[in-house]
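See structure below.
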Amino acid sequence: MNGSKSLGIALASVLLGGGALALAGFALASDTPHQAALNCVRTSATACSLQLSTYPDSLEGAHGKTGGAHPTWVTYANDNLVVPENTTINVTIHQYDGGGSLNDPFFDQVMGTIGGTMVYNGKTVSHVDPNNIGHTFTLRNIPGNGKTLFVSVPLPADYRNPTITIGTGQYPKPNIIKFSFKTGGPGTYEWNCEYPCGDARVSSGFGYAMSSFGYMSGTLTVK
Amino acid sequence: MTDSDNDKTSLKSFFWLWGILTIVGVVLGLYGPSHLMPKSMSPNMHLTILTMVIFTVAAAPVAAGVYAATIYVLRNWTHKGDEPPPPAKPVRENGIIVATWVSISVLLTLFLLIWGLGALAEDNASASSNPLIVNVIAQQWVWTFQYPGTHVESNSLYLPEGREVEFHVSSDDVTHGFWIVQMGVQVDANPGVITTIHTTPNVLGTFDVRCEQFCGLNHAFMDALGDVVTPQQFSTWLAAQPQRT
Amino acid sequence: MTTTLEHTAVAEESQGGGLARYQNAGTAVAGGVLFAFLFWLIARKTMDPTGEAFNDQVTTILGCGWIIGFWFGIGAFNGPMRWLLGRDHSRADDLYYAGHNQGRARYWKYTTDHKVVGVQYIIVTMGLLGVGGLLAMAIRTELIMPGNHFVNQQVYNAFISLHGMIMILALIVAIAGPWANFVMPIMIGARDMAFPRLNALSLWTLVSAASLLVAVAAVGGLTMGWVVLAPITDQNGVGMDLFALTIVVFAVSSTVGGVNVVCTILTMRTKGMTLERVPIFVWGAITTSALALYAFPFFFLVEVLQLLDRNVATSFFVSGGGGTGWLQANLFWLMGHPEVYVILTPAVAACFEIAAVMARKPVFSYRTAVAAMVGLSGLSILVWAHHMFTSGWAPTLGGPFMVTTEIISIPTGLFFLVLIGTLWRGHIWMKLPTIWMFGFIANFIIGGITGIYLSDIPIDNQLHGTMFVTAHFHYIFVGSVLFGAVAALAFWFPKVTGRFLDEFLGRISFWLVFIGVQVTFLAMFASGLKGMPRRVSSYSVIFDHTNLITTIGAYIIMSGMLVLLGAIIKSWGHGEPSGPNPWHANSLEWMVPTPPPLENFDVMPVITEDPYNFREEMVRS
Ligand SMILES: [Cu+2]
Ligand SMILES: [Cu+2]
Ligand SMILES: [Cu+2]
């Protein structure tokens, strides 16, 4: 048997083929690898402002005009947030989505913001109705490295607002949520939503958009 | 090399090797676990580290014996070259050796079992009839803690020193693993079921709660901060928390 | 029987084969794709598109289409159909199916010759190890420092899930696949396996399943860990359906293969080949296959129930619907623990065989070796709940399962007694197989002892779910099983190819992999002891040094494995010729020519003693 060449070719093709298919699969699976950075806009030496939105589908925001691989999934418009260190970050979120009850009513509170409050459609509040939540913006730390930055803000849902049109989509008039928090030194933080807004067969509601990076989750890089 | 190799003298070197490697193992056992593992903040963790030490010390002569024998074999009875060495003297059975080996391993296993079952009983023994109850709720990628009777819910775990705590652990979604790293206790958080563990924090200071059951996208980031404080500080903290209904 | 089939059927040879003449791996893939497409069309038309499970149903049906089409394409249904139609195989057909005079083409076909199947298993194993190894390197690259840098957590989770499943599949077949097929029938003096066509079926069902695993990645991956425990699995997309289907088909493959090995050993031994005279590897093959027959039906069952839960809204594992995830965990570990010994036992048995031949000495206490393997397999079915010590399920069973688990250390210890007893005062020929066998011994002691810690509940309450567990079973799977597998490959490679596996490259590879394993997994033990959880894409800075060391070690292992791959490819065609009996052994596989002819023996041998009586005169001849 002098099959070294054919063995080599067979193995190489199995390896390359398998590897290429697997990589193609993972590329597809994570159709939002990491979106272009959304930078905080400096408003003064000590403050900057960050503008976010949450949509009931993926037709708006960084998934592209066709909505990427999952146009029907709920999404934050951006997943890659970049902010300066030791700065007050003034965040404004336009919340276009409906919603319902939290799994854990704990997240109806505003936590970790300056003053422990947020401004919800002009009113300053410290918590909202746990049965009318669209999403939350919950920022967490990389485990155990001492740079605690826990911020959690509920984003109420509201069906009573009239419909408006953005691009090709029809959306309710957004709820506008404003809050501020202070950053420390540089580091990368993870944020995600804690309202069960992703479909799943069991009641938990943490499937699909909630379990896929870049829809209801992302990073906040402090530079 | 022939079959009549100087067995007596060289066996001495085997025993030397065995002895030295055993000492290395024992030293590793005495210093390794306590040096590497997180500092103990509860009797359970203390028992865990102690058991690690005991088991390592007990295993040291076994592992050292195998390594010493292997090294000894490699030093004395190997042949190089392209021609096979001549046949060795066949030894098919040696009842005494097999029986000795089995007896020793049975005795060692019995020791491990007796120690282990004793430690398990001690782990499970409840010290107090009036433990502090804490409800632990896991939700994908955050822990929250409720103190029944107080309407307090927190995302970090405050515990008073010296009082037994009973954790009632459940999940709002998938299975998580509730683990207090410095206290050596773990139990899964399951949807629809309440599982319990208990421990008594006995050292003041901060500790870590981590999720040790794979729970999806942000599993790596599912941790919580904990703090063991004095009973007075604990009551003060509890009173200062927002009351949730 | 003194004339072989070969002689009697020469005249009819040109007519044999029928449809199989046109079938090979290419038609199998074509059949798979065609059927997958047809089934997809049918599913789209028949399933309710508004239903919650529509995507799962379409995917599952499509996956079934691939499997069935693949089996049609490769020719798995030819035999049964011809039998049904009353046109069963003629001798010429059997000869064609055995791959007679087909050259290299027979390796791409539904070939029944056990030696061809053995070589096919080598290729499949190497392919799986290659893909799984690439994933391991991706994992270690991501873990080189804290934070997510190389991939995000979703992709990372998909990497660890697929790495786990592919490596488990690879190791299950790594030794039993090639060698229980290629050499075992010759060892016992059989012309082929008891059921040659089942042998081909087992191989090609494995290929059809393993290729589905690639499709899992293509439809969005599996991001829930390979154990896929409920309820988190229902957050996974349709990749989970294909994954479950893969397992179902794999369980069929291993059951078919297991039945075949057990029946072959029990019924096909030549005259005088009593069960106490078979080479010790044969005992490894039969215990591992019997254990697989017990274990994998649980795997089959658990994934069938999973598929039902997902596709037709049953609730076996759904806590709200009367089921429980603990049912799945139990079923899974009823498979999961025996599976560890399905993987380990062939490695141990191969090392026994190599130790005896290379030390020029009989296996020390053959009966102890047999008792240890059988006893370990028996015990391994009684320990499954040690994986659930910290689950909160049935705390009162903790003590009993701790007892059964720790008793396992007794038969495991006997492995060392047999190995060292065999080598003791041997004349040990230090060739490539011997060296890798020594690596097995050195690593297995660490893997074994760290397992004892984890069987102790007070310790498990701290170390469960940490990198300590990962390091422990990698010492078993990489440090022990992989070393045993390479030792076996180096040992029997000359019988397959007529050439030695390159000694020089093989030794370089050994040292790289051996050192790499110590660096990688000793550092990983440290990470675990410090409190680093498993299956995390990022970690606290307190674990950074040990993780960096682990990643460096992993790259050393990879370079060693690449050298080994180079050695295999080089030696297969251009290695040093070995002759039929390079190790001067006595067992039957070394008595036949190399490569062994179709049906192995011209004259069936008669056995009067076991193969471990090494004699001076054999060396001279
Ligand atoms: Cu959300
Ligand atoms: Cu978790
Ligand atoms: Cu196990």
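Here's how to read the names in the structure tokens: chain A, B, ... by the order shown, residue numbers from 1 in each chain, ligand numbers from 1 in the order shown.
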Could you list the protein, DNA and RNA residues that have any atom within 7 Å of ligand 1, counting only C-alpha atoms and all ligand atoms, and write them as a PDB file with N, CA and C atoms, in the first residue's frame?
ATOM      1  N   GLY A 134     -40.674  46.636  29.198  1.00  0.00           N
ATOM      2  CA  GLY A 134     -40.278  46.249  27.843  1.00  0.00           C
ATOM      3  C   GLY A 134     -38.936  45.541  27.848  1.00  0.00           C
ATOM      4  N   HIS A 135     -37.932  46.158  28.470  1.00  0.00           N
ATOM      5  CA  HIS A 135     -36.597  45.586  28.605  1.00  0.00           C
ATOM      6  C   HIS A 135     -35.977  46.178  29.852  1.00  0.00           C
ATOM      7  N   THR A 136     -34.787  45.717  30.169  1.00  0.00           N
ATOM      8  CA  THR A 136     -33.981  46.440  31.155  1.00  0.00           C
ATOM      9  C   THR A 136     -32.607  46.643  30.551  1.00  0.00           C
ATOM     10  N   CYS A 193     -30.217  42.510  28.926  1.00  0.00           N
ATOM     11  CA  CYS A 193     -31.571  42.802  29.352  1.00  0.00           C
ATOM     12  C   CYS A 193     -31.994  41.706  30.323  1.00  0.00           C
ATOM     13  N   GLU A 194     -32.755  42.062  31.359  1.00  0.00           N
ATOM     14  CA  GLU A 194     -33.220  41.056  32.307  1.00  0.00           C
ATOM     15  C   GLU A 194     -34.734  40.843  32.244  1.00  0.00           C
ATOM     16  N   TYR A 195     -35.367  41.423  31.239  1.00  0.00           N
ATOM     17  CA  TYR A 195     -36.793  41.128  31.035  1.00  0.00           C
ATOM     18  C   TYR A 195     -36.896  39.983  30.021  1.00  0.00           C
ATOM     19  N   PRO A 196     -37.755  38.983  30.269  1.00  0.00           N
ATOM     20  CA  PRO A 196     -37.795  37.809  29.380  1.00  0.00           C
ATOM     21  C   PRO A 196     -38.407  38.115  28.017  1.00  0.00           C
ATOM     22  N   CYS A 197     -37.645  38.836  27.186  1.00  0.00           N
ATOM     23  CA  CYS A 197     -38.214  39.308  25.929  1.00  0.00           C
ATOM     24  C   CYS A 197     -37.889  38.395  24.745  1.00  0.00           C
ATOM     25  N   GLY A 198     -37.091  37.325  24.989  1.00  0.00           N
ATOM     26  CA  GLY A 198     -36.784  36.420  23.886  1.00  0.00           C
ATOM     27  C   GLY A 198     -37.727  35.242  23.945  1.00  0.00           C
ATOM     28  N   MET A 210     -32.519  36.753  23.545  1.00  0.00           N
ATOM     29  CA  MET A 210     -31.870  36.882  24.847  1.00  0.00           C
ATOM     30  C   MET A 210     -30.640  35.985  24.948  1.00  0.00           C
ATOM     31  N   MET A 216     -29.928  41.468  22.781  1.00  0.00           N
ATOM     32  CA  MET A 216     -30.296  42.010  24.081  1.00  0.00           C
ATOM     33  C   MET A 216     -29.087  41.995  25.010  1.00  0.00           C
TER      34      MET A 216
END
Residues of chain C within 6 Å of chain B: nearest atom pair and distance (Å, one decimal) for each, counting only C-alpha atoms, sorted by chain and number, as CSV?
residue,atom,partner,partner_atom,distance
C:Gln154,CA,B:Leu217,CA,5.7
C:Pro231,CA,B:Val174,CA,5.6
C:Ile232,CA,B:Val174,CA,5.3
C:Arg360,CA,B:Pro87,CA,4.8
C:Lys361,CA,B:Pro90,CA,5.3
C:Pro362,CA,B:Pro90,CA,5.9
C:Phe364,CA,B:Arg92,CA,5.1
C:Ser365,CA,B:Glu93,CA,4.8
C:Thr390,CA,B:Val187,CA,4.9
C:Ser391,CA,B:Asp188,CA,4.7
C:Gly392,CA,B:Thr195,CA,5.5
C:Ile410,CA,B:Ser105,CA,5.8
C:Gly426,CA,B:Ala88,CA,5.3
C:His427,CA,B:Ala88,CA,5.6
C:Ile428,CA,B:Thr78,CA,4.5
C:Trp429,CA,B:His79,CA,5.0
C:Met430,CA,B:Lys80,CA,5.6
C:Asp456,CA,B:Gly116,CA,6.0
C:Pro458,CA,B:Thr48,CA,5.5
C:Ile459,CA,B:Thr48,CA,5.1
C:Asn461,CA,B:Val185,CA,5.3
C:Gln462,CA,B:Gly184,CA,4.6
C:Gly465,CA,B:Glu212,CA,5.0
C:Leu529,CA,B:Met37,CA,5.1
C:Lys530,CA,B:Met37,CA,4.7
C:Pro533,CA,B:Glu212,CA,5.7
C:Val536,CA,B:Ala220,CA,4.5
C:Ser537,CA,B:Ala220,CA,5.9
C:Ser538,CA,B:Ala220,CA,5.8
C:Phe614,CA,B:Pro87,CA,5.5
Residues near Gly79 of chain C, cut-off 12 Å, only C-alpha atoms, skip fewer than 4 positions along chain, as an MDAnalysis selection string:
chainID C and resid 17:20 71:72 74:75 83:90 93:94 97 110 112 196:198 200:201
Go ahead and dump the residues you just picked, N, CA, C and O atoms, as an mmCIF file, in the first residue's frame.
data_model
loop_
_atom_site.group_PDB
_atom_site.id
_atom_site.type_symbol
_atom_site.label_atom_id
_atom_site.label_comp_id
_atom_site.auth_asym_id
_atom_site.auth_seq_id
_atom_site.Cartn_x
_atom_site.Cartn_y
_atom_site.Cartn_z
ATOM 1 N N GLY C 17 -21.707 -7.867 -6.912
ATOM 2 C CA GLY C 17 -21.841 -6.494 -6.460
ATOM 3 C C GLY C 17 -23.159 -5.847 -6.764
ATOM 4 O O GLY C 17 -23.751 -5.217 -5.909
ATOM 5 N N GLY C 18 -23.670 -6.029 -7.982
ATOM 6 C CA GLY C 18 -24.939 -5.401 -8.337
ATOM 7 C C GLY C 18 -24.859 -3.891 -8.187
ATOM 8 O O GLY C 18 -23.891 -3.243 -8.602
ATOM 9 N N LEU C 19 -25.895 -3.354 -7.539
ATOM 10 C CA LEU C 19 -26.010 -1.913 -7.357
ATOM 11 C C LEU C 19 -24.773 -1.316 -6.674
ATOM 12 O O LEU C 19 -24.367 -0.180 -6.948
ATOM 13 N N ALA C 20 -24.156 -2.095 -5.768
ATOM 14 C CA ALA C 20 -23.036 -1.575 -4.983
ATOM 15 C C ALA C 20 -21.880 -1.135 -5.859
ATOM 16 O O ALA C 20 -21.028 -0.372 -5.426
ATOM 17 N N TRP C 71 -27.851 6.646 3.932
ATOM 18 C CA TRP C 71 -27.812 5.178 4.032
ATOM 19 C C TRP C 71 -28.169 4.535 2.691
ATOM 20 O O TRP C 71 -27.545 3.564 2.278
ATOM 21 N N PHE C 72 -29.171 5.096 2.007
ATOM 22 C CA PHE C 72 -29.501 4.583 0.668
ATOM 23 C C PHE C 72 -28.308 4.734 -0.264
ATOM 24 O O PHE C 72 -27.922 3.820 -0.981
ATOM 25 N N ILE C 74 -25.121 5.032 0.276
ATOM 26 C CA ILE C 74 -23.926 4.238 0.518
ATOM 27 C C ILE C 74 -24.197 2.755 0.257
ATOM 28 O O ILE C 74 -23.277 1.964 0.031
ATOM 29 N N GLY C 75 -25.474 2.379 0.269
ATOM 30 C CA GLY C 75 -25.816 0.980 -0.026
ATOM 31 C C GLY C 75 -26.207 0.162 1.183
ATOM 32 O O GLY C 75 -26.228 -1.068 1.140
ATOM 33 N N TRP C 83 -32.646 -9.418 0.075
ATOM 34 C CA TRP C 83 -33.101 -10.566 0.858
ATOM 35 C C TRP C 83 -34.618 -10.652 0.805
ATOM 36 O O TRP C 83 -35.201 -11.703 0.592
ATOM 37 N N LEU C 84 -35.267 -9.470 0.935
ATOM 38 C CA LEU C 84 -36.724 -9.430 0.891
ATOM 39 C C LEU C 84 -37.243 -9.903 -0.460
ATOM 40 O O LEU C 84 -38.243 -10.613 -0.551
ATOM 41 N N LEU C 85 -36.547 -9.497 -1.513
ATOM 42 C CA LEU C 85 -37.000 -9.841 -2.865
ATOM 43 C C LEU C 85 -36.579 -11.244 -3.260
ATOM 44 O O LEU C 85 -36.772 -11.651 -4.413
ATOM 45 N N GLY C 86 -35.965 -11.966 -2.331
ATOM 46 C CA GLY C 86 -35.573 -13.339 -2.624
ATOM 47 C C GLY C 86 -34.347 -13.444 -3.503
ATOM 48 O O GLY C 86 -34.113 -14.469 -4.144
ATOM 49 N N ARG C 87 -33.560 -12.368 -3.576
ATOM 50 C CA ARG C 87 -32.343 -12.417 -4.403
ATOM 51 C C ARG C 87 -31.121 -12.121 -3.536
ATOM 52 O O ARG C 87 -30.378 -11.191 -3.783
ATOM 53 N N ASP C 88 -31.002 -12.941 -2.470
ATOM 54 C CA ASP C 88 -29.932 -12.705 -1.498
ATOM 55 C C ASP C 88 -28.573 -12.770 -2.189
ATOM 56 O O ASP C 88 -28.433 -13.287 -3.297
ATOM 57 N N HIS C 89 -27.557 -12.260 -1.469
ATOM 58 C CA HIS C 89 -26.203 -12.194 -2.013
ATOM 59 C C HIS C 89 -25.677 -13.546 -2.473
ATOM 60 O O HIS C 89 -25.800 -14.530 -1.760
ATOM 61 N N SER C 90 -25.065 -13.568 -3.635
ATOM 62 C CA SER C 90 -24.294 -14.733 -4.067
ATOM 63 C C SER C 90 -22.889 -14.604 -3.508
ATOM 64 O O SER C 90 -22.534 -13.581 -2.930
ATOM 65 N N ASP C 93 -21.213 -11.688 -4.938
ATOM 66 C CA ASP C 93 -21.632 -10.439 -4.306
ATOM 67 C C ASP C 93 -20.885 -10.212 -3.007
ATOM 68 O O ASP C 93 -20.383 -9.117 -2.737
ATOM 69 N N ASP C 94 -20.822 -11.276 -2.174
ATOM 70 C CA ASP C 94 -20.127 -11.134 -0.900
ATOM 71 C C ASP C 94 -18.685 -10.717 -1.113
ATOM 72 O O ASP C 94 -18.148 -9.888 -0.385
ATOM 73 N N TYR C 97 -18.606 -7.097 -1.981
ATOM 74 C CA TYR C 97 -18.817 -6.262 -0.797
ATOM 75 C C TYR C 97 -17.599 -6.260 0.113
ATOM 76 O O TYR C 97 -17.356 -5.300 0.840
ATOM 77 N N TYR C 110 -19.150 0.878 1.003
ATOM 78 C CA TYR C 110 -19.796 0.079 2.059
ATOM 79 C C TYR C 110 -19.132 -1.287 2.071
ATOM 80 O O TYR C 110 -19.723 -2.297 1.696
ATOM 81 N N THR C 112 -17.306 -4.613 3.572
ATOM 82 C CA THR C 112 -17.550 -5.432 4.754
ATOM 83 C C THR C 112 -16.277 -5.999 5.352
ATOM 84 O O THR C 112 -16.311 -6.483 6.473
ATOM 85 N N PRO C 196 -20.405 -9.181 9.017
ATOM 86 C CA PRO C 196 -19.605 -8.210 8.256
ATOM 87 C C PRO C 196 -20.417 -7.012 7.764
ATOM 88 O O PRO C 196 -19.935 -5.882 7.767
ATOM 89 N N ARG C 197 -21.677 -7.251 7.375
ATOM 90 C CA ARG C 197 -22.443 -6.116 6.851
ATOM 91 C C ARG C 197 -22.823 -5.150 7.965
ATOM 92 O O ARG C 197 -22.877 -3.936 7.746
ATOM 93 N N LEU C 198 -23.064 -5.680 9.171
ATOM 94 C CA LEU C 198 -23.325 -4.779 10.296
ATOM 95 C C LEU C 198 -22.101 -3.934 10.604
ATOM 96 O O LEU C 198 -22.213 -2.799 11.073
ATOM 97 N N ALA C 200 -19.955 -2.721 8.412
ATOM 98 C CA ALA C 200 -19.992 -1.577 7.498
ATOM 99 C C ALA C 200 -21.091 -0.608 7.914
ATOM 100 O O ALA C 200 -20.914 0.616 7.876
ATOM 101 N N LEU C 201 -22.235 -1.163 8.346
ATOM 102 C CA LEU C 201 -23.348 -0.303 8.766
ATOM 103 C C LEU C 201 -22.925 0.587 9.930
ATOM 104 O O LEU C 201 -23.184 1.794 9.945
#
Could you check which of A:Ser58, A:Asn175, A:Asn80, A:Asn103 is closest to chain C, using only C-alpha atoms?
A:Asn80
Selection: 6 Å around segment 109-111 of chain A, only C-alpha atoms, excl. self and same-chain fewer than 4 positions, as a short mmCIF file (atom, residue, chain, number, x, y, z; two decimals) with N, CA and C atoms, in the first residue's frame:
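Full text of out_30.cif as output:
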data_model
loop_
_atom_site.label_atom_id
_atom_site.label_comp_id
_atom_site.auth_asym_id
_atom_site.auth_seq_id
_atom_site.Cartn_x
_atom_site.Cartn_y
_atom_site.Cartn_z
N GLY A 116 -29.83 57.17 42.31
CA GLY A 116 -30.70 55.98 42.36
C GLY A 116 -32.01 56.18 41.62
N THR A 117 -32.04 57.15 40.69
CA THR A 117 -33.29 57.43 39.97
C THR A 117 -33.04 57.51 38.48
N SER A 126 -37.86 56.06 40.95
CA SER A 126 -36.85 55.11 41.41
C SER A 126 -37.28 53.67 41.13
N HIS A 127 -38.57 53.49 40.81
CA HIS A 127 -38.98 52.16 40.34
C HIS A 127 -40.24 52.32 39.51
N VAL A 151 -25.25 48.64 37.22
CA VAL A 151 -26.29 49.60 36.89
C VAL A 151 -27.45 48.83 36.31
N SER A 152 -28.66 49.02 36.84
CA SER A 152 -29.80 48.34 36.24
C SER A 152 -30.97 49.32 36.17
N VAL A 153 -31.49 49.47 34.97
CA VAL A 153 -32.56 50.44 34.73
C VAL A 153 -33.71 49.75 34.00
#
